[in-house]
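For reference, structure-v3.txt is printed below; it contains compact mmCIF, N, CA and C atoms.
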# COMPACT_ATOMS: atom_id res chain seq x y z
N SER S 44 77.73 -32.56 110.24
CA SER S 44 77.31 -33.63 109.35
C SER S 44 78.27 -34.82 109.47
N VAL S 45 77.84 -35.93 108.97
CA VAL S 45 78.67 -37.14 109.00
C VAL S 45 79.95 -36.91 108.18
N ALA S 46 79.80 -36.29 107.02
CA ALA S 46 80.98 -36.04 106.18
C ALA S 46 82.00 -35.16 106.89
N THR S 47 81.53 -34.17 107.63
CA THR S 47 82.43 -33.29 108.37
C THR S 47 83.17 -34.07 109.45
N ARG S 48 82.45 -34.91 110.19
CA ARG S 48 83.09 -35.70 111.25
C ARG S 48 84.13 -36.66 110.67
N ILE S 49 83.82 -37.30 109.56
CA ILE S 49 84.78 -38.21 108.91
C ILE S 49 86.03 -37.44 108.52
N ARG S 50 85.83 -36.30 107.86
CA ARG S 50 86.97 -35.49 107.40
C ARG S 50 87.83 -35.02 108.57
N GLU S 51 87.21 -34.57 109.65
CA GLU S 51 87.97 -34.09 110.80
C GLU S 51 88.74 -35.21 111.48
N ARG S 52 88.12 -36.37 111.64
CA ARG S 52 88.81 -37.49 112.28
C ARG S 52 89.96 -38.00 111.43
N LEU S 53 89.77 -38.05 110.13
CA LEU S 53 90.84 -38.48 109.25
C LEU S 53 92.01 -37.51 109.32
N ARG S 54 91.72 -36.22 109.30
CA ARG S 54 92.76 -35.20 109.35
C ARG S 54 93.52 -35.24 110.68
N ALA S 55 92.84 -35.60 111.77
CA ALA S 55 93.47 -35.63 113.09
C ALA S 55 94.34 -36.88 113.31
N ALA S 56 94.08 -37.92 112.54
CA ALA S 56 94.82 -39.18 112.73
C ALA S 56 96.23 -39.10 112.15
N CYS S 57 97.14 -39.82 112.77
CA CYS S 57 98.52 -39.90 112.30
C CYS S 57 98.80 -41.37 112.01
N PHE S 58 99.20 -41.66 110.79
CA PHE S 58 99.38 -43.03 110.34
C PHE S 58 100.85 -43.43 110.24
N LEU S 59 101.11 -44.72 110.39
CA LEU S 59 102.43 -45.35 110.26
C LEU S 59 103.45 -44.85 111.28
N THR S 60 102.98 -44.44 112.42
CA THR S 60 103.90 -43.97 113.46
C THR S 60 104.78 -45.11 113.99
N SER S 61 104.26 -46.34 113.98
CA SER S 61 105.06 -47.48 114.45
C SER S 61 106.25 -47.76 113.53
N GLU S 62 106.18 -47.25 112.29
CA GLU S 62 107.28 -47.40 111.34
C GLU S 62 108.17 -46.16 111.31
N GLY S 63 107.95 -45.26 112.26
CA GLY S 63 108.77 -44.05 112.33
C GLY S 63 108.31 -42.93 111.41
N LEU S 64 107.12 -43.07 110.85
CA LEU S 64 106.59 -42.05 109.96
C LEU S 64 105.46 -41.29 110.65
N SER S 65 105.10 -40.18 110.08
CA SER S 65 103.99 -39.39 110.59
C SER S 65 103.15 -38.92 109.40
N ILE S 66 102.33 -39.83 108.90
CA ILE S 66 101.55 -39.57 107.70
C ILE S 66 100.19 -38.99 108.08
N ARG S 67 99.85 -37.87 107.48
CA ARG S 67 98.55 -37.23 107.68
C ARG S 67 97.78 -37.30 106.37
N LEU S 68 96.47 -37.50 106.47
CA LEU S 68 95.62 -37.59 105.29
C LEU S 68 94.53 -36.54 105.33
N THR S 69 94.04 -36.18 104.16
CA THR S 69 92.88 -35.31 104.03
C THR S 69 91.87 -36.03 103.14
N ALA S 70 90.65 -35.50 103.06
CA ALA S 70 89.62 -36.13 102.25
C ALA S 70 88.83 -35.10 101.47
N SER S 71 88.51 -35.47 100.25
CA SER S 71 87.59 -34.69 99.41
C SER S 71 86.32 -35.51 99.32
N ILE S 72 85.22 -34.97 99.84
CA ILE S 72 83.99 -35.74 99.95
C ILE S 72 82.87 -35.08 99.16
N GLY S 73 82.24 -35.85 98.30
CA GLY S 73 81.07 -35.42 97.56
C GLY S 73 79.84 -36.07 98.18
N VAL S 74 78.82 -35.26 98.44
CA VAL S 74 77.59 -35.76 99.07
C VAL S 74 76.43 -35.54 98.11
N ALA S 75 75.59 -36.56 97.97
CA ALA S 75 74.38 -36.45 97.16
C ALA S 75 73.26 -37.21 97.86
N THR S 76 72.04 -36.73 97.71
CA THR S 76 70.89 -37.37 98.36
C THR S 76 69.77 -37.61 97.37
N LEU S 77 68.97 -38.63 97.67
CA LEU S 77 67.76 -38.92 96.91
C LEU S 77 66.59 -38.25 97.61
N PRO S 78 65.64 -37.68 96.98
CA PRO S 78 65.55 -37.41 95.54
C PRO S 78 66.07 -36.04 95.15
N GLU S 79 66.67 -35.31 96.10
CA GLU S 79 67.10 -33.93 95.83
C GLU S 79 68.11 -33.80 94.70
N ALA S 80 69.10 -34.67 94.66
CA ALA S 80 70.16 -34.54 93.66
C ALA S 80 70.11 -35.59 92.56
N ALA S 81 69.27 -36.61 92.74
CA ALA S 81 69.24 -37.71 91.77
C ALA S 81 67.92 -38.46 91.87
N GLY S 82 67.60 -39.17 90.79
CA GLY S 82 66.36 -39.94 90.77
C GLY S 82 66.56 -41.43 90.81
N SER S 83 67.82 -41.88 90.75
CA SER S 83 68.12 -43.31 90.77
C SER S 83 69.45 -43.53 91.48
N ALA S 84 69.73 -44.77 91.79
CA ALA S 84 71.00 -45.09 92.44
C ALA S 84 72.18 -44.73 91.55
N GLU S 85 72.05 -44.97 90.26
CA GLU S 85 73.14 -44.64 89.32
C GLU S 85 73.36 -43.13 89.26
N GLU S 86 72.29 -42.36 89.20
CA GLU S 86 72.41 -40.90 89.18
C GLU S 86 72.97 -40.39 90.51
N LEU S 87 72.60 -41.04 91.62
CA LEU S 87 73.09 -40.65 92.94
C LEU S 87 74.61 -40.79 93.00
N LEU S 88 75.13 -41.91 92.53
CA LEU S 88 76.57 -42.13 92.53
C LEU S 88 77.27 -41.12 91.63
N LYS S 89 76.70 -40.85 90.47
CA LYS S 89 77.29 -39.87 89.55
C LYS S 89 77.30 -38.47 90.17
N ALA S 90 76.21 -38.09 90.85
CA ALA S 90 76.13 -36.78 91.48
C ALA S 90 77.16 -36.63 92.59
N ALA S 91 77.32 -37.68 93.42
CA ALA S 91 78.31 -37.64 94.50
C ALA S 91 79.73 -37.59 93.92
N ASP S 92 79.97 -38.33 92.86
CA ASP S 92 81.29 -38.34 92.22
C ASP S 92 81.61 -36.96 91.64
N THR S 93 80.64 -36.35 90.97
CA THR S 93 80.83 -35.01 90.41
C THR S 93 81.10 -34.00 91.52
N ALA S 94 80.37 -34.12 92.63
CA ALA S 94 80.57 -33.21 93.77
C ALA S 94 81.98 -33.38 94.34
N MET S 95 82.46 -34.62 94.44
CA MET S 95 83.80 -34.87 94.96
C MET S 95 84.86 -34.22 94.06
N TYR S 96 84.68 -34.31 92.76
CA TYR S 96 85.65 -33.70 91.85
C TYR S 96 85.60 -32.17 91.91
N LYS S 97 84.46 -31.59 92.27
CA LYS S 97 84.40 -30.14 92.47
C LYS S 97 85.25 -29.74 93.67
N VAL S 98 85.24 -30.56 94.71
CA VAL S 98 86.10 -30.30 95.87
C VAL S 98 87.56 -30.34 95.44
N LYS S 99 87.93 -31.38 94.71
CA LYS S 99 89.33 -31.53 94.27
C LYS S 99 89.75 -30.34 93.40
N ALA S 100 88.87 -29.86 92.54
CA ALA S 100 89.19 -28.74 91.65
C ALA S 100 89.36 -27.43 92.42
N SER S 101 88.75 -27.35 93.60
CA SER S 101 88.83 -26.10 94.36
C SER S 101 89.89 -26.13 95.46
N GLY S 102 90.75 -27.13 95.44
CA GLY S 102 91.85 -27.15 96.38
C GLY S 102 91.91 -28.36 97.29
N LYS S 103 90.99 -29.27 97.20
CA LYS S 103 90.97 -30.51 97.97
C LYS S 103 90.63 -30.28 99.44
N ASP S 104 90.54 -31.37 100.18
CA ASP S 104 90.24 -31.37 101.61
C ASP S 104 88.99 -30.56 101.93
N GLY S 105 87.87 -30.98 101.37
CA GLY S 105 86.63 -30.29 101.64
C GLY S 105 85.43 -31.17 101.37
N ILE S 106 84.26 -30.55 101.43
CA ILE S 106 83.00 -31.23 101.20
C ILE S 106 82.17 -30.39 100.25
N PHE S 107 81.54 -31.06 99.28
CA PHE S 107 80.63 -30.38 98.36
C PHE S 107 79.34 -31.18 98.32
N ILE S 108 78.23 -30.49 98.45
CA ILE S 108 76.92 -31.15 98.43
C ILE S 108 76.28 -30.92 97.07
N ALA S 109 75.95 -32.02 96.40
CA ALA S 109 75.36 -31.96 95.07
C ALA S 109 73.93 -31.43 95.15
N THR S 110 73.55 -30.72 94.11
CA THR S 110 72.18 -30.23 93.99
C THR S 110 71.59 -30.79 92.70
N ALA S 111 70.32 -30.59 92.49
CA ALA S 111 69.67 -31.09 91.28
C ALA S 111 70.34 -30.50 90.06
N SER S 112 70.52 -31.33 89.05
CA SER S 112 71.20 -30.85 87.84
C SER S 112 70.26 -30.31 86.82
Encoding of this model in structure tokens:
Amino acid sequence: SVATRIRERLRAACFLTSEGLSIRLTASIGVATLPEAAGSAEELLKAADTAMYKVKASGKDGIFIATAS
């Protein structure tokens, strides 16, 4: 999935190496789709946000796909 590719590329990148640092990042990604998880743009954003916080609550650096509430 696109979310998986984004997460993997971000994790593989090393930032601020020109400043002598080696910073690695991870991502917690919430995914929501219309009309499966929401009926409006506002509900879609809320569903994706809720899904992202579920990832963070379970240890971070992951992907959660929202379902109908």
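Those residues that approach Leu68 in chain S to within 6 Å, counting only N, CA and C atoms, are Leu53, Arg54, Ala56, Ile66 and Ala70 of chain S; same-chain residues fewer than 2 positions away are not listed.
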Once 4 Å is added on each side, what are the centre and the three edge lengths, in Å to one decimal, of the axis-aligned box enclosing the listed atoms of range 75-85 of chain S? Present them as AutoDock Vina command-line options.
--center_x 70.6 --center_y -39.4 --center_z 93.8 --size_x 18.0 --size_y 19.3 --size_z 17.1
Considering only C-alpha atoms, state which residue in the set S:Lys97, S:Thr69, S:Asp92, S:Ala109 is at the smallest distance from Arg52 in chain S.
S:Thr69
Which of S:Ala80, S:Leu87, S:Met95, S:Ser44 sits closest to Ala111 in chain S [using only N, CA and C atoms]
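Closest candidate: S:Ala80.
Taking CA of Gly73 in chain S as the reference point, CA of Val45 in chain S is found at 11.8 Å.
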Which parts of range 47-110 of chain S does DSSP call strand (DSSP E or B) when run on the backbone here, written out as a PyMOL selection string?
chain S and resi 58+66+71-74+105-108
For Asp104 in chain S, which residue among S:Ala91, S:Ala81, S:Leu64, S:Ile72 is the nearest when counting only N, CA and C atoms?
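Among S:Ala91, S:Ala81, S:Leu64, S:Ile72, it is S:Ile72 that comes nearest to Asp104 in chain S.
Put simply, atom C of Phe107 in chain S is 25.9 Å away from atom C of Cys57 in chain S.
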Å distance separating CA of Glu85 in chain S from CA of Gly102 in chain S, one decimal place:
26.6 Å
For Arg50 in chain S, which residue among S:Ser71, S:Thr93, S:Ser83, S:Leu77 is the nearest when counting only N, CA and C atoms?
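For Arg50 in chain S, the nearest of the candidates is S:Ser71.
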Complete range 84-95 of chain S at the level of all heavy atoms, written as an mmCIF file, in the coordinates of the input.
data_model
loop_
_atom_site.group_PDB
_atom_site.id
_atom_site.type_symbol
_atom_site.label_atom_id
_atom_site.label_comp_id
_atom_site.auth_asym_id
_atom_site.auth_seq_id
_atom_site.Cartn_x
_atom_site.Cartn_y
_atom_site.Cartn_z
ATOM 1 N N ALA S 84 69.730 -44.770 91.790
ATOM 2 C CA ALA S 84 71.000 -45.090 92.440
ATOM 3 C C ALA S 84 72.180 -44.730 91.550
ATOM 4 O O ALA S 84 73.191 -44.194 92.021
ATOM 5 C CB ALA S 84 71.040 -46.575 92.800
ATOM 6 N N GLU S 85 72.050 -44.970 90.260
ATOM 7 C CA GLU S 85 73.140 -44.640 89.320
ATOM 8 C C GLU S 85 73.360 -43.130 89.260
ATOM 9 O O GLU S 85 74.500 -42.662 89.289
ATOM 10 C CB GLU S 85 72.799 -45.180 87.922
ATOM 11 C CG GLU S 85 73.916 -44.977 86.916
ATOM 12 C CD GLU S 85 73.592 -45.599 85.568
ATOM 13 O OE1 GLU S 85 73.004 -46.689 85.535
ATOM 14 O OE2 GLU S 85 73.946 -44.967 84.558
ATOM 15 N N GLU S 86 72.290 -42.360 89.200
ATOM 16 C CA GLU S 86 72.410 -40.900 89.180
ATOM 17 C C GLU S 86 72.970 -40.390 90.510
ATOM 18 O O GLU S 86 73.708 -39.405 90.532
ATOM 19 C CB GLU S 86 71.050 -40.260 88.919
ATOM 20 C CG GLU S 86 70.538 -40.462 87.508
ATOM 21 C CD GLU S 86 69.118 -39.939 87.328
ATOM 22 O OE1 GLU S 86 68.522 -39.428 88.313
ATOM 23 O OE2 GLU S 86 68.601 -40.052 86.212
ATOM 24 N N LEU S 87 72.600 -41.040 91.620
ATOM 25 C CA LEU S 87 73.090 -40.650 92.940
ATOM 26 C C LEU S 87 74.610 -40.790 93.000
ATOM 27 O O LEU S 87 75.310 -39.881 93.449
ATOM 28 C CB LEU S 87 72.432 -41.508 94.011
ATOM 29 C CG LEU S 87 72.789 -41.180 95.453
ATOM 30 C CD1 LEU S 87 72.249 -39.812 95.842
ATOM 31 C CD2 LEU S 87 72.241 -42.254 96.381
ATOM 32 N N LEU S 88 75.130 -41.910 92.530
ATOM 33 C CA LEU S 88 76.570 -42.130 92.530
ATOM 34 C C LEU S 88 77.270 -41.120 91.630
ATOM 35 O O LEU S 88 78.301 -40.549 91.999
ATOM 36 C CB LEU S 88 76.885 -43.556 92.078
ATOM 37 C CG LEU S 88 78.338 -43.974 92.106
ATOM 38 C CD1 LEU S 88 78.929 -43.811 93.499
ATOM 39 C CD2 LEU S 88 78.475 -45.415 91.660
ATOM 40 N N LYS S 89 76.700 -40.850 90.470
ATOM 41 C CA LYS S 89 77.290 -39.870 89.550
ATOM 42 C C LYS S 89 77.300 -38.470 90.170
ATOM 43 O O LYS S 89 78.281 -37.743 90.062
ATOM 44 C CB LYS S 89 76.524 -39.864 88.233
ATOM 45 C CG LYS S 89 77.127 -38.957 87.199
ATOM 46 C CD LYS S 89 76.405 -39.039 85.873
ATOM 47 C CE LYS S 89 77.039 -38.095 84.876
ATOM 48 N NZ LYS S 89 76.364 -38.121 83.584
ATOM 49 N N ALA S 90 76.210 -38.090 90.850
ATOM 50 C CA ALA S 90 76.130 -36.780 91.480
ATOM 51 C C ALA S 90 77.160 -36.630 92.590
ATOM 52 O O ALA S 90 77.823 -35.599 92.724
ATOM 53 C CB ALA S 90 74.721 -36.526 92.016
ATOM 54 N N ALA S 91 77.320 -37.680 93.420
ATOM 55 C CA ALA S 91 78.310 -37.640 94.500
ATOM 56 C C ALA S 91 79.730 -37.590 93.920
ATOM 57 O O ALA S 91 80.584 -36.863 94.433
ATOM 58 C CB ALA S 91 78.156 -38.858 95.404
ATOM 59 N N ASP S 92 79.970 -38.330 92.860
ATOM 60 C CA ASP S 92 81.290 -38.340 92.220
ATOM 61 C C ASP S 92 81.610 -36.960 91.640
ATOM 62 O O ASP S 92 82.708 -36.432 91.821
ATOM 63 C CB ASP S 92 81.314 -39.407 91.128
ATOM 64 C CG ASP S 92 82.701 -39.685 90.601
ATOM 65 O OD1 ASP S 92 83.607 -39.956 91.407
ATOM 66 O OD2 ASP S 92 82.881 -39.639 89.367
ATOM 67 N N THR S 93 80.640 -36.350 90.970
ATOM 68 C CA THR S 93 80.830 -35.010 90.410
ATOM 69 C C THR S 93 81.100 -34.000 91.520
ATOM 70 O O THR S 93 81.983 -33.142 91.403
ATOM 71 C CB THR S 93 79.586 -34.593 89.600
ATOM 72 O OG1 THR S 93 79.419 -35.529 88.521
ATOM 73 C CG2 THR S 93 79.717 -33.184 89.056
ATOM 74 N N ALA S 94 80.370 -34.120 92.630
ATOM 75 C CA ALA S 94 80.570 -33.210 93.770
ATOM 76 C C ALA S 94 81.980 -33.380 94.340
ATOM 77 O O ALA S 94 82.640 -32.400 94.689
ATOM 78 C CB ALA S 94 79.516 -33.478 94.836
ATOM 79 N N MET S 95 82.460 -34.620 94.440
ATOM 80 C CA MET S 95 83.800 -34.870 94.960
ATOM 81 C C MET S 95 84.860 -34.220 94.060
ATOM 82 O O MET S 95 85.810 -33.619 94.543
ATOM 83 C CB MET S 95 84.051 -36.380 95.083
ATOM 84 C CG MET S 95 85.362 -36.748 95.725
ATOM 85 S SD MET S 95 86.692 -37.267 94.588
ATOM 86 C CE MET S 95 85.908 -38.305 93.417
#
